[in-house]
Amino acid sequence: MLAGVSHDLKTPLTRIRLQLAMMDQSPDVEALSADIIEMEGMLNDYLAFARGEGGEKSELADLGTLVRDAAEAARRARQGKLELLVPEGVLLSVKKNALRRCVTNLIDNALKHGSLATVSLDLEARFADIHIDDDGPGISPDQREEAFRPFRRLDEGRNLQTGGVGLGLSIARDIARAHGGDLLLSDSPRGGLRATIRLPV
Ligand SMILES: Nc1ncnc2c1ncn2[C@@H]1O[C@H](COP(=O)(O)OP(=O)(O)OP(=O)(O)O)[C@@H](O)[C@H]1O
Ligand SMILES: [Mg+2]
């Protein structure tokens, strides 16, 4: 059902986006366009989630570049300070689009709950860990497994105008696992949540 609804909504949204592109540009029109682009992104997430991301082929990618692209996508939707500490030149065989989506989802969460998101890389003997840290309230250890459940949102009572549906973490973990890795949640040295994408090297 999710896939069906998402798919049906794509055509009218595309039509609206094209019509907006032909209108005289003004701040209002630009804001509407940005909303439409965000909605299209959300629909793509639901569709990807519904059909599974397994299909994409792995190819060699520069992690620094990938993180930078992911950060740009996240920044389009949210305000906040973004610190990128992933150097260029670290190459890994990954499903590029899926991993970019994974990083974007986690930066989106970090900026939604905190005012600062930091992305860093730890190269271990067997793993590459991409950490996404924030300075928000974090998630208590007993809630962490719950946060991964599709459509589960922990902050309904916290009165945030977050507008999420609760798929970001489920999708991000699916993607990490599709790489033979995992997504780990822990306490961040910045005070909030640390989400770690652990990839085998
Ligand atoms: N960085 C974070 N700090 C604090 N709480 C978080 C953080 N990331 C996720 N959460 C909590 O986990 C829940 C699930 O996160 P998830 O990303 O799956 O969904 P969402 O952000 O609410 O919606 P979506 O990502 O689909 O737009 C969130 O509703 C929030 O309560
Ligand atoms: Mg999210």
# chains A, B, ... in the order shown; residues from 1 in each chain; ligands from 1

$ select_by_dssp --residues "region 138-197 of chain A" --states "alpha helix (DSSP H)" --output "list in words"
Arg144, Glu145, Glu146, Ala147, Gly168, Leu169, Ser170, Ile171, Ala172, Arg173, Asp174, Ile175, Ala176, Arg177 and Ala178 of chain A

$ residues_near_ligand --ligand "ligand 1" --cutoff "10 Å" --atoms "only C-alpha atoms and all ligand atoms" --output "PyMOL selection string"
chain A and resi 42+45-46+104-114+117+132-140+143-158+160+162-173+185+188+192-195

$ atom_distance --atom1 "CA of Asp122 (chain A)" --atom2 "CA of Arg100 (chain A)"
17.6 Å

$ residues_around --residues "region 60-63 of chain A" --least-positions-apart "5" --cutoff "12 Å" --atoms "only C-alpha atoms" --output "VMD selection string"
chain A and resid 68 to 70 84 to 97 99 to 100 103 119 to 123 128 to 130 197 199 201

$ write_last_selection --atoms "C-alpha atoms" --output "PDB file, in the first residue's frame"
ATOM      1  CA  ARG A  68      29.758  16.088   1.191  1.00  0.00           C
ATOM      2  CA  ASP A  69      26.970  15.302  -1.304  1.00  0.00           C
ATOM      3  CA  ALA A  70      24.837  13.765   1.435  1.00  0.00           C
ATOM      4  CA  LEU A  84      32.442  17.656   7.877  1.00  0.00           C
ATOM      5  CA  LEU A  85      35.632  15.953   9.044  1.00  0.00           C
ATOM      6  CA  VAL A  86      35.810  13.184   6.453  1.00  0.00           C
ATOM      7  CA  PRO A  87      38.935  13.584   4.300  1.00  0.00           C
ATOM      8  CA  GLU A  88      38.839  13.041   0.554  1.00  0.00           C
ATOM      9  CA  GLY A  89      40.788  10.130  -0.885  1.00  0.00           C
ATOM     10  CA  VAL A  90      39.352   7.253   1.149  1.00  0.00           C
ATOM     11  CA  LEU A  91      37.948   4.878  -1.470  1.00  0.00           C
ATOM     12  CA  LEU A  92      35.520   2.085  -0.669  1.00  0.00           C
ATOM     13  CA  SER A  93      33.286  -0.153  -2.767  1.00  0.00           C
ATOM     14  CA  VAL A  94      29.712   0.883  -1.865  1.00  0.00           C
ATOM     15  CA  LYS A  95      26.169   1.246  -3.188  1.00  0.00           C
ATOM     16  CA  LYS A  96      26.584   4.958  -3.765  1.00  0.00           C
ATOM     17  CA  ASN A  97      22.981   6.190  -3.886  1.00  0.00           C
ATOM     18  CA  LEU A  99      24.814   5.055   1.214  1.00  0.00           C
ATOM     19  CA  ARG A 100      24.294   8.724   0.364  1.00  0.00           C
ATOM     20  CA  VAL A 103      24.142   9.534   5.552  1.00  0.00           C
ATOM     21  CA  VAL A 119      30.400  13.820  10.429  1.00  0.00           C
ATOM     22  CA  SER A 120      33.723  12.071  10.967  1.00  0.00           C
ATOM     23  CA  LEU A 121      35.513   8.940   9.811  1.00  0.00           C
ATOM     24  CA  ASP A 122      37.362   6.297  11.852  1.00  0.00           C
ATOM     25  CA  LEU A 123      39.379   3.777   9.860  1.00  0.00           C
ATOM     26  CA  ALA A 128      35.315   2.092   8.291  1.00  0.00           C
ATOM     27  CA  ASP A 129      33.129   3.895  10.819  1.00  0.00           C
ATOM     28  CA  ILE A 130      31.275   6.993   9.690  1.00  0.00           C
ATOM     29  CA  ILE A 197      27.593   3.569   9.958  1.00  0.00           C
ATOM     30  CA  LEU A 199      31.167  -0.632   6.887  1.00  0.00           C
ATOM     31  CA  VAL A 201      36.653  -2.664   4.443  1.00  0.00           C
TER      32      VAL A 201
END

$ select_by_dssp --residues "region 90-140 of chain A" --states "strand (DSSP E or B)" --output "PyMOL selection string"
chain A and resi 91-94+116-123+127-134

$ closest_residue --among "A:Arg198, A:Arg101, A:Arg76, A:Ser33" --to "ligand 2" --atoms "only C-alpha atoms and all ligand atoms"
A:Arg101
